[in-house]
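Structure data (mmCIF, C-alpha atoms) from structure22.cif:
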```
data_my_file
loop_
_atom_site.label_atom_id
_atom_site.label_comp_id
_atom_site.auth_asym_id
_atom_site.auth_seq_id
_atom_site.Cartn_x
_atom_site.Cartn_y
_atom_site.Cartn_z
CA MET A 23 -29.63 -9.15 -64.88
CA PRO A 24 -30.88 -11.68 -67.44
CA GLY A 25 -29.41 -11.64 -70.91
CA CYS A 26 -31.03 -10.34 -74.03
CA PRO A 27 -33.62 -12.74 -75.54
CA LEU A 28 -32.98 -11.39 -79.03
CA THR A 29 -31.44 -13.46 -81.78
CA VAL A 30 -28.81 -11.08 -83.07
CA ALA A 31 -26.69 -11.59 -86.17
CA PRO A 32 -22.91 -11.41 -85.58
CA ALA A 33 -21.44 -7.98 -86.17
CA ARG A 34 -19.88 -7.50 -89.59
CA LEU A 35 -16.84 -5.34 -89.12
CA ASP A 36 -14.56 -3.94 -91.78
CA PRO A 37 -11.31 -5.93 -91.48
CA GLN A 38 -9.43 -2.94 -92.92
CA HIS A 39 -10.33 -0.60 -90.08
CA THR A 40 -7.52 1.40 -88.55
CA ARG A 41 -7.09 2.02 -84.85
CA LEU A 42 -7.39 5.54 -83.53
CA SER A 43 -3.97 7.04 -82.89
CA LEU A 44 -3.39 9.00 -79.70
CA ALA A 45 0.14 10.04 -80.58
CA ASP A 46 -0.88 13.68 -80.99
CA SER A 47 -3.42 13.92 -78.18
CA GLU A 48 -3.46 13.45 -74.43
CA THR A 49 -6.26 11.48 -72.84
CA THR A 50 -8.68 12.38 -70.08
CA PRO A 51 -8.64 10.55 -66.72
CA GLN A 52 -11.30 8.23 -68.14
CA GLY A 53 -9.07 7.43 -71.10
CA ARG A 54 -11.23 9.27 -73.65
CA SER A 55 -9.38 11.48 -76.09
CA PRO A 56 -10.59 15.12 -75.82
CA LYS A 57 -9.55 15.67 -79.43
CA HIS A 58 -12.47 13.49 -80.51
CA TRP A 59 -15.22 14.76 -78.24
CA GLY A 60 -17.51 17.73 -78.07
CA THR A 61 -19.71 18.76 -75.16
CA GLY A 62 -22.93 16.83 -74.62
CA VAL A 63 -25.47 16.79 -71.79
CA VAL A 64 -22.84 17.17 -69.08
CA GLY A 65 -19.92 15.50 -70.77
CA PRO A 66 -18.60 14.23 -74.11
CA ALA A 67 -20.67 13.93 -77.27
CA LEU A 68 -19.52 12.51 -80.57
CA PHE A 69 -19.30 14.55 -83.75
CA PRO A 70 -20.34 12.73 -86.94
CA GLN A 71 -16.74 12.49 -88.21
CA ASP A 72 -15.75 10.70 -85.01
CA VAL A 73 -18.32 7.94 -85.52
CA ALA A 74 -16.28 6.51 -88.38
CA ALA A 75 -12.98 6.98 -86.56
CA LEU A 76 -14.20 5.19 -83.43
CA GLN A 77 -16.55 2.81 -85.27
CA TYR A 78 -19.11 3.97 -82.72
CA ARG A 79 -21.98 1.48 -83.01
CA ALA A 80 -24.13 2.35 -80.00
CA PRO A 81 -26.88 4.30 -81.85
CA HIS A 82 -27.33 1.55 -84.44
CA LEU A 83 -27.26 -1.22 -81.83
CA THR A 84 -29.72 0.56 -79.55
CA VAL A 85 -32.31 1.14 -82.25
CA ASP A 86 -31.80 -2.45 -83.46
CA CYS A 87 -32.49 -3.71 -79.94
CA LEU A 88 -35.61 -1.57 -79.62
CA THR A 89 -37.10 -2.59 -82.95
CA GLN A 90 -36.20 -6.30 -82.67
CA ALA A 91 -37.58 -6.62 -79.15
CA LEU A 92 -40.77 -4.76 -80.10
CA PRO A 93 -41.36 -5.14 -83.85
CA GLY A 94 -44.91 -3.85 -83.42
CA LEU A 95 -43.83 -0.42 -82.18
CA PRO A 96 -45.83 1.96 -84.41
CA HIS A 97 -43.98 4.45 -86.59
CA SER A 98 -46.27 7.12 -85.15
CA ALA A 99 -44.72 6.64 -81.69
CA LEU A 100 -43.52 9.86 -80.05
CA ILE A 101 -39.87 9.29 -79.10
CA LEU A 102 -37.54 11.39 -76.94
CA ASP A 103 -33.80 11.22 -77.63
CA VAL A 104 -31.99 12.36 -74.47
CA ALA A 105 -28.41 13.62 -74.89
CA CYS A 106 -29.17 13.68 -78.60
CA GLY A 107 -25.93 15.35 -79.67
CA THR A 108 -25.92 15.90 -83.42
CA GLY A 109 -28.66 13.33 -84.07
CA LEU A 110 -26.96 9.95 -84.44
CA VAL A 111 -29.83 8.08 -82.80
CA ALA A 112 -32.45 10.10 -84.69
CA ALA A 113 -30.83 9.16 -88.02
CA GLU A 114 -31.15 5.48 -87.10
CA LEU A 115 -34.76 5.91 -86.00
CA ARG A 116 -35.75 7.79 -89.15
CA ALA A 117 -34.10 5.12 -91.31
CA ARG A 118 -36.56 2.67 -89.72
CA GLY A 119 -39.58 4.90 -90.33
CA PHE A 120 -39.92 6.71 -86.98
CA LEU A 121 -40.57 10.40 -87.61
CA GLN A 122 -42.08 11.76 -84.38
CA LEU A 123 -38.80 12.64 -82.69
CA HIS A 124 -37.92 15.13 -79.97
CA GLY A 125 -34.37 15.71 -78.72
CA VAL A 126 -32.70 17.32 -75.72
CA ASP A 127 -29.03 18.08 -75.13
CA GLY A 128 -26.96 20.24 -72.82
CA SER A 129 -24.85 21.74 -75.60
CA PRO A 130 -26.17 24.60 -77.76
CA GLY A 131 -23.55 23.68 -80.38
CA MET A 132 -24.74 20.09 -80.59
CA LEU A 133 -28.35 21.24 -80.86
CA GLU A 134 -27.43 23.65 -83.64
CA GLN A 135 -25.90 20.81 -85.65
CA ALA A 136 -28.86 18.54 -84.93
CA ARG A 137 -31.28 21.27 -86.02
CA ALA A 138 -29.38 21.72 -89.28
CA ARG A 139 -29.90 18.05 -90.10
CA GLY A 140 -33.69 18.38 -89.83
CA LEU A 141 -34.14 15.11 -87.95
CA TYR A 142 -36.26 16.29 -85.04
CA GLN A 143 -39.65 17.90 -84.72
CA ARG A 144 -38.52 19.64 -81.54
CA LEU A 145 -35.16 20.29 -79.87
CA SER A 146 -34.61 21.65 -76.35
CA LEU A 147 -31.62 22.69 -74.28
CA CYS A 148 -31.49 20.67 -71.07
CA THR A 149 -28.73 19.38 -68.81
CA LEU A 150 -30.14 16.14 -67.43
CA GLY A 151 -29.01 15.61 -63.87
CA GLN A 152 -29.00 19.34 -63.19
CA GLU A 153 -32.56 20.19 -64.28
CA PRO A 154 -35.76 18.29 -65.15
CA LEU A 155 -36.58 17.35 -68.71
CA PRO A 156 -38.75 20.03 -70.38
CA SER A 157 -41.80 17.79 -70.85
CA PRO A 158 -44.89 16.93 -68.78
CA GLU A 159 -45.23 13.59 -67.07
CA GLY A 160 -46.23 10.72 -69.36
CA THR A 161 -45.50 12.45 -72.68
CA PHE A 162 -43.50 9.93 -74.73
CA ASP A 163 -44.11 6.43 -76.06
CA ALA A 164 -40.37 5.75 -75.83
CA VAL A 165 -37.37 7.50 -74.26
CA LEU A 166 -33.81 6.69 -75.33
CA ILE A 167 -30.50 7.79 -73.83
CA VAL A 168 -27.42 6.58 -75.71
CA GLY A 169 -23.81 7.36 -74.88
CA ALA A 170 -24.38 9.67 -71.90
CA LEU A 171 -24.63 7.22 -69.02
CA SER A 172 -21.07 6.93 -67.78
CA ASP A 173 -18.76 8.30 -65.13
CA GLY A 174 -18.62 12.09 -65.21
CA GLN A 175 -21.71 12.46 -67.39
CA VAL A 176 -25.37 11.87 -66.44
CA PRO A 177 -25.70 10.73 -62.81
CA CYS A 178 -27.66 7.59 -61.99
CA ASN A 179 -30.18 9.55 -59.93
CA ALA A 180 -31.43 11.14 -63.17
CA ILE A 181 -32.89 7.83 -64.41
CA ALA A 182 -36.18 8.49 -62.63
CA GLU A 183 -36.59 11.61 -64.74
CA LEU A 184 -36.52 9.49 -67.92
CA LEU A 185 -39.25 7.36 -66.41
CA ARG A 186 -41.33 10.40 -65.44
CA VAL A 187 -41.75 11.65 -69.01
CA THR A 188 -42.52 8.17 -70.38
CA LYS A 189 -46.16 7.20 -70.89
CA PRO A 190 -47.53 4.34 -68.76
CA GLY A 191 -46.77 1.24 -70.80
CA GLY A 192 -44.06 3.12 -72.71
CA LEU A 193 -40.44 2.14 -73.22
CA VAL A 194 -37.14 3.35 -71.79
CA CYS A 195 -33.94 2.30 -73.58
CA LEU A 196 -30.53 3.01 -72.02
CA THR A 197 -26.90 2.20 -72.76
CA THR A 198 -23.57 2.30 -71.02
CA ARG A 199 -20.01 1.11 -71.65
CA THR A 200 -18.76 -2.00 -69.86
CA ASN A 201 -15.01 -1.51 -70.12
CA SER A 202 -12.91 -1.36 -66.96
CA SER A 203 -12.95 2.44 -66.54
CA ASN A 204 -16.76 2.45 -66.43
CA LEU A 205 -17.50 -0.66 -64.34
CA GLN A 206 -18.09 1.22 -61.10
CA TYR A 207 -20.65 3.45 -62.80
CA LYS A 208 -22.27 0.42 -64.47
CA GLU A 209 -22.73 -1.25 -61.09
CA ALA A 210 -24.35 1.87 -59.66
CA LEU A 211 -26.55 2.20 -62.75
CA GLU A 212 -27.78 -1.39 -62.53
CA ALA A 213 -28.51 -0.95 -58.83
CA THR A 214 -30.68 2.05 -59.75
CA LEU A 215 -32.45 0.14 -62.51
CA ASP A 216 -33.12 -2.78 -60.16
CA ARG A 217 -34.48 -0.53 -57.41
CA LEU A 218 -36.98 1.00 -59.82
CA GLU A 219 -38.05 -2.46 -60.95
CA GLN A 220 -38.43 -3.71 -57.38
CA ALA A 221 -40.53 -0.62 -56.63
CA GLY A 222 -42.88 -1.60 -59.45
CA ALA A 223 -42.08 1.45 -61.58
CA TRP A 224 -41.11 -0.54 -64.66
CA GLY A 225 -40.48 -4.06 -65.93
CA HIS A 226 -37.24 -5.36 -67.40
CA LEU A 227 -37.39 -6.52 -71.03
CA VAL A 228 -33.81 -6.74 -72.32
CA ALA A 229 -30.20 -6.56 -71.19
CA TRP A 230 -28.04 -7.05 -74.28
CA PRO A 231 -24.24 -7.16 -73.80
CA VAL A 232 -22.27 -6.17 -76.91
CA ASP A 233 -18.55 -6.89 -77.39
CA HIS A 234 -17.93 -4.47 -80.27
CA TRP A 235 -19.23 -1.14 -78.96
CA GLU A 236 -16.56 1.28 -80.16
CA LEU A 237 -12.82 1.31 -80.74
CA ALA A 238 -10.76 1.84 -77.61
CA THR A 239 -8.66 4.98 -77.46
CA SER A 240 -6.31 3.41 -74.91
CA GLU A 241 -5.11 -0.14 -74.30
CA LEU A 242 -6.21 0.31 -70.69
CA GLU A 243 -9.84 0.44 -71.86
CA VAL A 244 -9.88 -2.97 -73.54
CA VAL A 245 -11.33 -5.81 -71.46
CA PRO A 246 -9.59 -9.17 -72.10
CA GLY A 247 -11.78 -11.38 -74.25
CA ILE A 248 -13.40 -11.26 -77.68
CA SER A 249 -13.33 -7.48 -78.07
CA ALA A 250 -9.65 -7.24 -77.10
CA LYS A 251 -8.57 -8.95 -80.31
CA ASP A 252 -9.95 -6.10 -82.41
CA GLY A 253 -9.19 -3.23 -80.02
CA PHE A 254 -12.86 -2.65 -79.19
CA ILE A 255 -14.46 -1.86 -75.87
CA SER A 256 -17.76 -3.42 -74.87
CA GLY A 257 -21.15 -2.00 -73.93
CA ILE A 258 -24.68 -2.96 -73.01
CA VAL A 259 -28.24 -1.98 -74.01
CA TYR A 260 -31.07 -2.08 -71.46
CA LEU A 261 -34.77 -1.94 -72.32
CA TYR A 262 -37.60 -1.43 -69.82
CA ARG A 263 -41.36 -0.95 -70.02
CA LYS A 264 -42.99 1.55 -67.65
CA ARG A 265 -45.74 -0.01 -65.60
CA LYS A 266 -49.28 1.10 -66.21
CA VAL A 267 -50.98 2.84 -63.30
CA THR A 268 -53.14 -0.19 -62.49
CA GLN A 269 -50.05 -2.42 -62.45
CA VAL A 270 -48.26 -0.10 -60.03
CA GLU A 271 -51.30 -0.01 -57.76
CA GLU A 272 -51.47 -3.82 -57.77
CA VAL A 273 -47.81 -4.04 -56.78
CA ARG A 274 -48.31 -1.55 -53.94
CA SER A 275 -51.43 -3.30 -52.67
CA SER A 276 -50.10 -6.86 -52.89
CA PRO A 277 -49.76 -8.70 -49.54
CA GLN A 278 -46.46 -7.99 -47.83
CA PRO A 279 -44.59 -10.49 -45.63
CA PRO A 280 -45.03 -9.85 -41.92
CA ALA A 281 -42.39 -7.73 -40.28
CA GLY A 282 -39.86 -9.49 -38.12
CA PRO A 283 -39.87 -9.17 -34.34
#
```

Entire entry expressed as structure tokens:
Amino acid sequence: MPGCPLTVAPARLDPQHTRLSLADSETTPQGRSPKHWGTGVVGPALFPQDVAALQYRAPHLTVDCLTQALPGLPHSALILDVACGTGLVAAELRARGFLQLHGVDGSPGMLEQARARGLYQRLSLCTLGQEPLPSPEGTFDAVLIVGALSDGQVPCNAIAELLRVTKPGGLVCLTTRTNSSNLQYKEALEATLDRLEQAGAWGHLVAWPVDHWELATSELEVVPGISAKDGFISGIVYLYRKRKVTQVEEVRSSPQPPAGP
């Protein structure tokens, strides 16, 4: 996939940060410490106190990518935050003036915390990948899913459901980790994204690799390179625009090469 066309300032990280200690906690098969995770859509979700401990930057980076790539996105845009957890992405969106926010998550506990923060106009219980999103087709100007696309969480075949609830011409923003334990899922995810693009369902706008995504909880998670020096794992932000109906029809009706013998 092509790289991100954005001009992004280098990350400013606190040189005094401390690495997360796993001395008093076992890790999951994916290397994530269960001590630091709650239950999200179908897997882990971060609590606010863990954001500082892990220096979890995905919500901030995702909203940065969205607003830098499309600075004209109106503040009145209706946005769906999928796997919203306690509202980390919503806090970033509201800080930039976006107030029309809906959220869905598979954990009643996460939704209760999100509701207490007063960040969303509407919150719904939904386990993406096991049931459809509770919205009609073409509802949202933008749909975001941050931190839930990885092995053991939301399956790749649920991506089409994000697209379904997006308005024609609307945006879909997705993230995943790119450390070694998640590379197989990332490959499957990108194959899904490419198939939807080749089918004319959406157009690719951005693929933004990020070295400093969050602190690793195991040395096995760190990919050799820039992020390894600071103990961070890497990630990536994808941004797509859903095709308008007329665009999809043009793609379907365009001349096709003759079939082989």

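Among the candidates A:Ile181, A:Leu83, A:Ala117, A:Leu100, the one nearest to Ala213 in chain A when counting only C-alpha atoms is A:Ile181.
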
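Interatomic distance, CA of Ser172 in chain A against CA of Gly222 in chain A: 24.9 Å.
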
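Counting only C-alpha atoms, the residue from A:Val104, A:Leu218, A:Ala238, A:Ala138 that sits nearest to Asn179 in chain A is A:Leu218.
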
> Can you list, as a PyMOL selection string, the residues that the PyMOL selection byres ((chain A and resi 177) around 12) selects here?
Replying inline: chain A and resi 63-65+149-153+170-176+178-183+198+207-208+210-211+214

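Compared by their closest atoms to Phe120 in chain A, and using only C-alpha atoms, the residues A:Glu219, A:Glu134, A:Asp233, A:Asp163 rank with A:Asp163 nearest.
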
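Candidate residues A:Leu193, A:Ile167, A:Ala91, A:Val228 were compared for distance to Ala112 in chain A, and the nearest is A:Ile167, using all atoms listed in the file.
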
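Between CA of Arg199 in chain A and CA of Val187 in chain A there is a distance of 24.3 Å.
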
> Suppose you want the space between CA of Glu212 in chain A and CA of Ser256 in chain A; what is it in Å?
Replying inline: 16.0 Å

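The residues returned by the PyMOL selection byres ((chain A and resi 195) around 6) on the shown structure are Leu166, Val194, Leu196, Tyr260 and Leu261 of chain A.
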
Rows by chain and residue number, range 144-181 of chain A within 12 Å of range 108-111 of chain A, shortest pair, only C-alpha atoms, as a tab-separated table:
```
residue	atom	partner	partner_atom	distance
A:Arg144	CA	A:Gly109	CA	12.0
A:Leu145	CA	A:Gly109	CA	10.4
A:Val165	CA	A:Val111	CA	11.4
A:Leu166	CA	A:Val111	CA	8.6
A:Ile167	CA	A:Val111	CA	9.0
A:Val168	CA	A:Val111	CA	7.6
A:Gly169	CA	A:Val111	CA	10.0
```

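Considering only C-alpha atoms, the residue among A:Gly160, A:Trp224, A:Gly191, A:Ile255 positioned nearest to Asn204 in chain A is A:Ile255.
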
>> I need the output of the PyMOL selection byres ((chain A and resi 258) around 7) for this file as an NGL selection string; which residues are they?
In response: :A and (197-200 or 229-232 or 257 or 259-260)

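Nearest-residue note for Leu141 in chain A: choosing from A:Cys106, A:Leu237, A:Leu215, A:Glu209, the minimum distance belongs to A:Cys106, counting all atoms listed in the file.
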
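For the point (-41.9, 3.7, -65.9) in file coordinates, the residues within 7 Å, using all atoms listed in the file, are Leu185, Arg186, Thr188, Pro190, Ala223, Trp224, Arg263, Lys264 and Arg265 of chain A.
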
Those residues with C-alpha atoms, as an mmCIF file, keeping the file's coordinate frame please?
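Result file result_0.cif:
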```cif
data_model
loop_
_atom_site.group_PDB
_atom_site.id
_atom_site.type_symbol
_atom_site.label_atom_id
_atom_site.label_comp_id
_atom_site.auth_asym_id
_atom_site.auth_seq_id
_atom_site.Cartn_x
_atom_site.Cartn_y
_atom_site.Cartn_z
ATOM 1 C CA LEU A 185 -39.250 7.360 -66.410
ATOM 2 C CA ARG A 186 -41.330 10.400 -65.440
ATOM 3 C CA THR A 188 -42.520 8.170 -70.380
ATOM 4 C CA PRO A 190 -47.530 4.340 -68.760
ATOM 5 C CA ALA A 223 -42.080 1.450 -61.580
ATOM 6 C CA TRP A 224 -41.110 -0.540 -64.660
ATOM 7 C CA ARG A 263 -41.360 -0.950 -70.020
ATOM 8 C CA LYS A 264 -42.990 1.550 -67.650
ATOM 9 C CA ARG A 265 -45.740 -0.010 -65.600
#
```
